[in-house]
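S.K.: Structure incoming, see below.
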Amino acid sequence: MDILGISCFYHDSAACLIRDGKILAAAQEERFTRKKHDPRFPKNATDYCLKEAGITGQDLDYVAFYDKPLLTFERLLMSYLTVAPKGLRSWLEAMPMWLGQKLYVPKIIRKEIGYKGEVLFTEHHESHAACAFYPSPFKEAAILTMDGVGEWATASYGFGKGKDLTFLKELHFPDSLGLLYSAFTYFTGFRVNSGEYKLMGLAPYGVPKYKDLILSELIDLKEDGSIRLNLSYFDFLGGLKMTNSRFSELFGGPERKPETEITQREMDIAASIQSVTEEVVMKMVQHVHKETGQKYLCMAGGVALNCVANGRILREGPFENLWIQPAAGDAGGAMGAALSTWYRYLGNERSIAEGYDSQQGSYLGPSFSNEEVKAFLESRGYPYRDLNAGNRASIIAEHMAQGKIVGYMAGRMEFGPRALGARSILGDARSKDTQTVMNLKIKYRESFRPFAPSVVEEKAPEYFETEKPSPYMLLVARVRKDRCLPQPSGDEIPMLERLKVKRSDIPAITHLDYSARLQTVNKAHKPDYHEVISEFEKLTGCAVIVNTSFNVRGEPIICSPEDAYRCFMRTEMDVLVMENCILLKEEQPLWEEKGDWRSELELD
Ligand SMILES: [Fe+2]
């Protein structure tokens with residue numbers, strides 16, 4: 001039985017196909033259309049899923065949509081009526097999309113993919129909960145979902161047991177931890193729904209001096225972790241902005257304009273909202289543990305991508321273990337809708353091998369065979385060399401050990417926002433220059449942004465204070481103390497200067513607070529990548545490398561050989577590996593493009 005799940009029309013459109021309950025394929029539309037967070041109907045992602053399954057739209061048994069458009073419509077209408085006529089402008093802007101597309105979802109699906117059967121709808125937070133629990137390695141577990149807003153719910157908790165999900169409580173719009181975090185993302189000059197990661201990365205540079213102000217003025221935090229927002233500071237109900245002038249007064253001036261200088265104020269605000277978020281999440285988690293009595297916790301929703309908070313949940317308990325859906329944002333809703341149909345709607349039993357998740361390393365997207373890569377390179381006349389199983393990993397490792405930056409494309413593309421060694425840019429973690437070089441010459445992004453390490457799973461405890469694997473780069477762990485170096489004290493040292501101080505023997509991935517957003521690489525899930533890191537260790541004695549997503553700022557992660565080559569040539573990357581082909585920059589023909597490609601990318 002084949003079930004297709006779809007999420008779209010808000011942001012991060014995606015499709016996921018499951019066959020007899022097994023996840024067969026999942027991908028986000030942006031990777032195909034090259035438009036970041038593409039919200040349109042996921043035509044390309046759907047076509048890919050059908051192709052991977054060897055079927056057409058007509059062969060599908062069910063199609064499930066990740067949210068109930070009418071409920072969301074009702075929320076928008078009610079929000080408008082609460083503030084009318086103040087919100088008229090945003091209402092008028094939202095309406096064409098609603099009347100034109102969202103309310104006609106079944107019709108659109110049938111037309112786009114030639115499907116004739118029934119279209120099912122799951123609730124937004126049910127979709128998040130389903131993709132948090134069903135692929136997890138737990139037979140039963142508590143479930144916590146937190147995001148900006150779905151229909152009405154902004155957070156929910158309950159538990160999963162076998163094939164059943166039980167929902168206990170919801171927090172409702174406009175009270176939302178995700179929206180609160182997004183309001184600060186907006187205020188510090190980053191883009192809502194994509195810049196949240198930057199705000200989290202900025203936090204260690206600041207001091208949480210606004211924390212008490214946020215807790216006393218902006219939110220009312222209850223013991224159970226639920227919050228009430230003080231709406232007199234926010235503008236998302238009626239306006240097109242997140243925050244208003246009262247909010248600005250509270251933080252000593254107007255919001256930072258995008259792309260202007262980041263000052264100590266933004267860093268302190270980032271530290272403050274991060275600290276508040278962690279406090280709220282920890283309270284929620286304590287409460288969920290008390291109410292469900294479960295040993296394990298599953299999470300999804302955009303807030304579950306806050307890996308600093310996740311690291312604290314794992315370290316400080318009370319749950320013994322934690323599993324987070326790697327596609328925690330709305331893209332994962334496509335998977336949740338399909339899984340919910342299989343287990344909840346159709347009532348199929350769920351059997352799992354305890355300890356093993358069924359996410360398959362999240363390598364669920366398209367792959368390109370070595371023959372396809374070669375055919376592409378030869379058709380364009382791009383010079384390359386062949387690698388073979390015997391020398392592949394060691395040659396790549398040698399380049400990295402020489403300080404070269406390597407674009408790496410191998411196997412199936414990742415599902416979720418993190419690159420996990422299938423579409424990654426790799427570098428030497430031992431060099432303190434790697435962070436600046438990668439940020440400014442490769443990714444063309446803000447130089448404060450940290451990089452994440454990949455470490456072979458079995459060696460992780462030698463470098464990081466962690467015992468649990470982190471295959472999806474969703475947890476932050478500290479670099480081991482015996483590897484860390486003392487830092488000069490004093491906040492008067494400018495941010496960029498502080499970046500240059502060596503913080504450990506793996507400085508490229510050690511954040512200012514000695515933390516790292518870790519990926520542990522499992523040999524069974526990703527043998528080619530595991531071997532590259534292992535060879536790097538043989539050469540250098542270091543089993544950690546830098547892993548960042550294969551894209552430039554504002555661009556979705558690459559999908560195809562063509563995307564990979566374009567990104568390779570647009571940047572100062574030195575080496576490109578695609579399956580068993582290796583390309584050296586100095587051997588490539590001159591790269592010319594019409595117009596300024598950078599101006600075509602919308603900066604995130
Ligand atoms: Fe969501």
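Convention: chains lettered A, B, ... in structure tokens order; per-chain residue numbering from 1; ligands numbered from 1 as shown.
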Could you list, as a PyMOL selection string, every residue within 12 Å of Asp574 of chain A, counting only C-alpha atoms and ignoring same-chain residues fewer than 3 positions away?
M.R.: chain A and resi 396+399-400+402-408+425-427+437-438+441-442+565+567-571+577+582-588
S.K.: What residues of the protein or nucleic acid chains come within 7 Å of ligand 1 when you use only C-alpha atoms and all ligand atoms? Reply as a ChimeraX atom specification.
M.R.: /A:124-125,128,147-150,301-302,329-330
S.K.: Restricting it to N, CA, C and O atoms, dump the selection as an mmCIF file, in the first residue's frame.
M.R.:
```
data_model
loop_
_atom_site.group_PDB
_atom_site.id
_atom_site.type_symbol
_atom_site.label_atom_id
_atom_site.label_comp_id
_atom_site.auth_asym_id
_atom_site.auth_seq_id
_atom_site.Cartn_x
_atom_site.Cartn_y
_atom_site.Cartn_z
ATOM 1 N N HIS A 124 -2.371 19.774 11.994
ATOM 2 C CA HIS A 124 -0.987 20.222 11.901
ATOM 3 C C HIS A 124 -0.098 19.597 12.993
ATOM 4 O O HIS A 124 0.951 19.007 12.706
ATOM 5 N N HIS A 125 -0.521 19.715 14.222
ATOM 6 C CA HIS A 125 0.320 19.182 15.307
ATOM 7 C C HIS A 125 0.270 17.670 15.391
ATOM 8 O O HIS A 125 1.211 17.043 15.878
ATOM 9 N N HIS A 128 3.079 16.743 13.060
ATOM 10 C CA HIS A 128 4.374 16.864 13.748
ATOM 11 C C HIS A 128 4.563 15.693 14.721
ATOM 12 O O HIS A 128 5.630 15.084 14.772
ATOM 13 N N ASP A 147 5.933 24.747 17.724
ATOM 14 C CA ASP A 147 6.305 25.507 16.526
ATOM 15 C C ASP A 147 5.724 26.912 16.594
ATOM 16 O O ASP A 147 5.280 27.359 17.658
ATOM 17 N N GLY A 148 5.735 27.618 15.483
ATOM 18 C CA GLY A 148 5.193 28.968 15.452
ATOM 19 C C GLY A 148 3.692 28.882 15.613
ATOM 20 O O GLY A 148 3.125 29.159 16.651
ATOM 21 N N VAL A 149 3.032 28.431 14.570
ATOM 22 C CA VAL A 149 1.600 28.203 14.654
ATOM 23 C C VAL A 149 1.170 27.272 13.525
ATOM 24 O O VAL A 149 1.703 27.322 12.425
ATOM 25 N N GLY A 150 0.230 26.382 13.838
ATOM 26 C CA GLY A 150 -0.336 25.529 12.800
ATOM 27 C C GLY A 150 -1.743 26.017 12.537
ATOM 28 O O GLY A 150 -1.948 27.064 11.938
ATOM 29 N N GLY A 301 8.413 19.908 15.314
ATOM 30 C CA GLY A 301 7.995 21.315 15.287
ATOM 31 C C GLY A 301 9.259 22.157 15.223
ATOM 32 O O GLY A 301 10.324 21.732 15.689
ATOM 33 N N GLY A 302 9.143 23.349 14.640
ATOM 34 C CA GLY A 302 10.326 24.181 14.399
ATOM 35 C C GLY A 302 11.196 24.425 15.628
ATOM 36 O O GLY A 302 12.425 24.466 15.530
ATOM 37 N N GLY A 329 10.659 20.854 11.079
ATOM 38 C CA GLY A 329 9.766 21.918 10.617
ATOM 39 C C GLY A 329 8.608 21.363 9.808
ATOM 40 O O GLY A 329 8.319 20.160 9.842
ATOM 41 N N ASP A 330 7.950 22.231 9.064
ATOM 42 C CA ASP A 330 6.743 21.797 8.378
ATOM 43 C C ASP A 330 6.984 20.771 7.272
ATOM 44 O O ASP A 330 6.071 20.030 6.902
#
```
S.K.: Among segment 161-195 of chain A, which ones does DSSP place in strand (DSSP E or B), written as a list in words?
M.R.: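 Across segment 161-195 of chain A, those assigned strand (DSSP E or B) are Lys161, Asp164, Leu165, Thr166, Phe167, Leu168, Lys169, Glu170, Leu171 and His172 of chain A.
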S.K.: Which residues are close to Pro258 of chain A, i.e. within 12 Å by only C-alpha atoms, leaving aside same-chain residues fewer than 6 positions away? Reply as a PyMOL selection string.
M.R.: chain A and resi 185-192+195+266+446+603-604
S.K.: I need the helix (DSSP H, G or I) residues of segment 131-220 of chain A per DSSP on the backbone, written as a ChimeraX atom specification.
M.R.: /A:131-133,177-187,196-205,211-218
S.K.: For atom CA of Ala142 of chain A and atom CA of Glu223 of chain A, quote the distance in Å rounded to one decimal.
M.R.: 18.6 Å
S.K.: Please list as number ranges by chain every residue within 6 Å of segment 543-557 of chain A, counting only C-alpha atoms and excluding residues in the same chain fewer than 6 positions away.
M.R.: A: 31, 34, 36, 419, 423-429, 443-445, 452-455, 537, 601-604
S.K.: If you keep C-alpha atoms, can you produce a file of those selected residues as a PDB file, in the first residue's frame?
M.R.:
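The resulting file, selection16.pdb, is shown below:
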```
ATOM      1  CA  ARG A  31      15.874  21.419  -3.561  1.00  0.00           C
ATOM      2  CA  ARG A  34      16.194  26.141  -6.162  1.00  0.00           C
ATOM      3  CA  LYS A  36      14.636  28.455  -0.583  1.00  0.00           C
ATOM      4  CA  ALA A 419      23.522  18.317   5.641  1.00  0.00           C
ATOM      5  CA  ARG A 423      25.385  17.098   0.351  1.00  0.00           C
ATOM      6  CA  SER A 424      28.099  18.700   2.499  1.00  0.00           C
ATOM      7  CA  ILE A 425      31.108  20.983   2.313  1.00  0.00           C
ATOM      8  CA  LEU A 426      33.983  19.534   4.340  1.00  0.00           C
ATOM      9  CA  GLY A 427      37.100  20.997   5.880  1.00  0.00           C
ATOM     10  CA  ASP A 428      39.836  20.542   8.447  1.00  0.00           C
ATOM     11  CA  ALA A 429      38.539  21.076  11.999  1.00  0.00           C
ATOM     12  CA  LYS A 443      29.262  30.394   1.983  1.00  0.00           C
ATOM     13  CA  TYR A 444      29.318  34.197   1.662  1.00  0.00           C
ATOM     14  CA  ARG A 445      27.605  34.551   4.990  1.00  0.00           C
ATOM     15  CA  ALA A 452      29.404  21.925  13.000  1.00  0.00           C
ATOM     16  CA  PRO A 453      31.572  18.837  13.347  1.00  0.00           C
ATOM     17  CA  SER A 454      31.133  15.337  12.003  1.00  0.00           C
ATOM     18  CA  VAL A 455      32.831  12.678  14.097  1.00  0.00           C
ATOM     19  CA  GLU A 537      42.072  10.359  11.313  1.00  0.00           C
ATOM     20  CA  LEU A 601      19.403  34.886  -4.284  1.00  0.00           C
ATOM     21  CA  GLU A 602      17.132  36.213  -1.599  1.00  0.00           C
ATOM     22  CA  LEU A 603      19.326  36.544   1.488  1.00  0.00           C
ATOM     23  CA  ASP A 604      18.009  34.642   4.476  1.00  0.00           C
TER      24      ASP A 604
END
```
S.K.: Could you pull the residues within 9 Å of His530 of chain A, counting only C-alpha atoms, minus those fewer than 5 positions along the same chain, as a ChimeraX atom specification?
M.R.: /A:421,455-457,521-525,535
S.K.: Restricting it to C-alpha atoms, dump the selection as a PDB file, in the first residue's frame.
M.R.:
```pdb
ATOM      1  CA  GLY A 421      27.511  14.030   4.620  1.00  0.00           C
ATOM      2  CA  VAL A 455      32.831  12.678  14.097  1.00  0.00           C
ATOM      3  CA  VAL A 456      32.793   8.923  13.641  1.00  0.00           C
ATOM      4  CA  GLU A 457      30.261   7.664  16.149  1.00  0.00           C
ATOM      5  CA  VAL A 521      28.483   9.336  11.788  1.00  0.00           C
ATOM      6  CA  ASN A 522      27.269   5.779  11.858  1.00  0.00           C
ATOM      7  CA  LYS A 523      29.152   3.287   9.688  1.00  0.00           C
ATOM      8  CA  ALA A 524      26.041   1.338   8.680  1.00  0.00           C
ATOM      9  CA  HIS A 525      24.039   4.458   7.747  1.00  0.00           C
ATOM     10  CA  GLU A 535      41.060   8.070   6.671  1.00  0.00           C
TER      11      GLU A 535
END
```
S.K.: Select, from A:Pro174, A:Lys116, A:Ala270, A:Gly332, the residue with the minimum atom-to-atom distance to Asp235 of chain A, counting only C-alpha atoms.
M.R.: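 Among the listed residues, the smallest separation from Asp235 of chain A belongs to A:Pro174.
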S.K.: Which polymer residues have any atom within 10 Å of an atom of segment 333-347 of chain A, counting only C-alpha atoms, with same-chain residues fewer than 5 positions away left out, as a PyMOL selection string?
M.R.: chain A and resi 1-8+12-23+25-28+62-67+120-135+162-165+300-301+325+327-328
S.K.: I'd like the contact shell of Lys374 of chain A - 10 Å cut-off, only C-alpha atoms, skipping same-chain residues fewer than 3 positions apart - returned as an MDAnalysis selection string.
M.R.: chainID A and resid 368:371 377:380 382 384:386 561 578:581
S.K.: Expressed in Å to a single decimal, how great is the separation between atom CA of Leu512 of chain A and atom CA of Cys484 of chain A?
M.R.: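 Going from atom CA of Leu512 of chain A over to atom CA of Cys484 of chain A covers 10.8 Å.
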S.K.: Please indicate the distance in Å from atom CA of Lys257 of chain A to atom CA of Leu202 of chain A, rounded to one decimal place.
M.R.: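 Atom-to-atom, atom CA of Lys257 of chain A and atom CA of Leu202 of chain A are spaced 16.1 Å apart.
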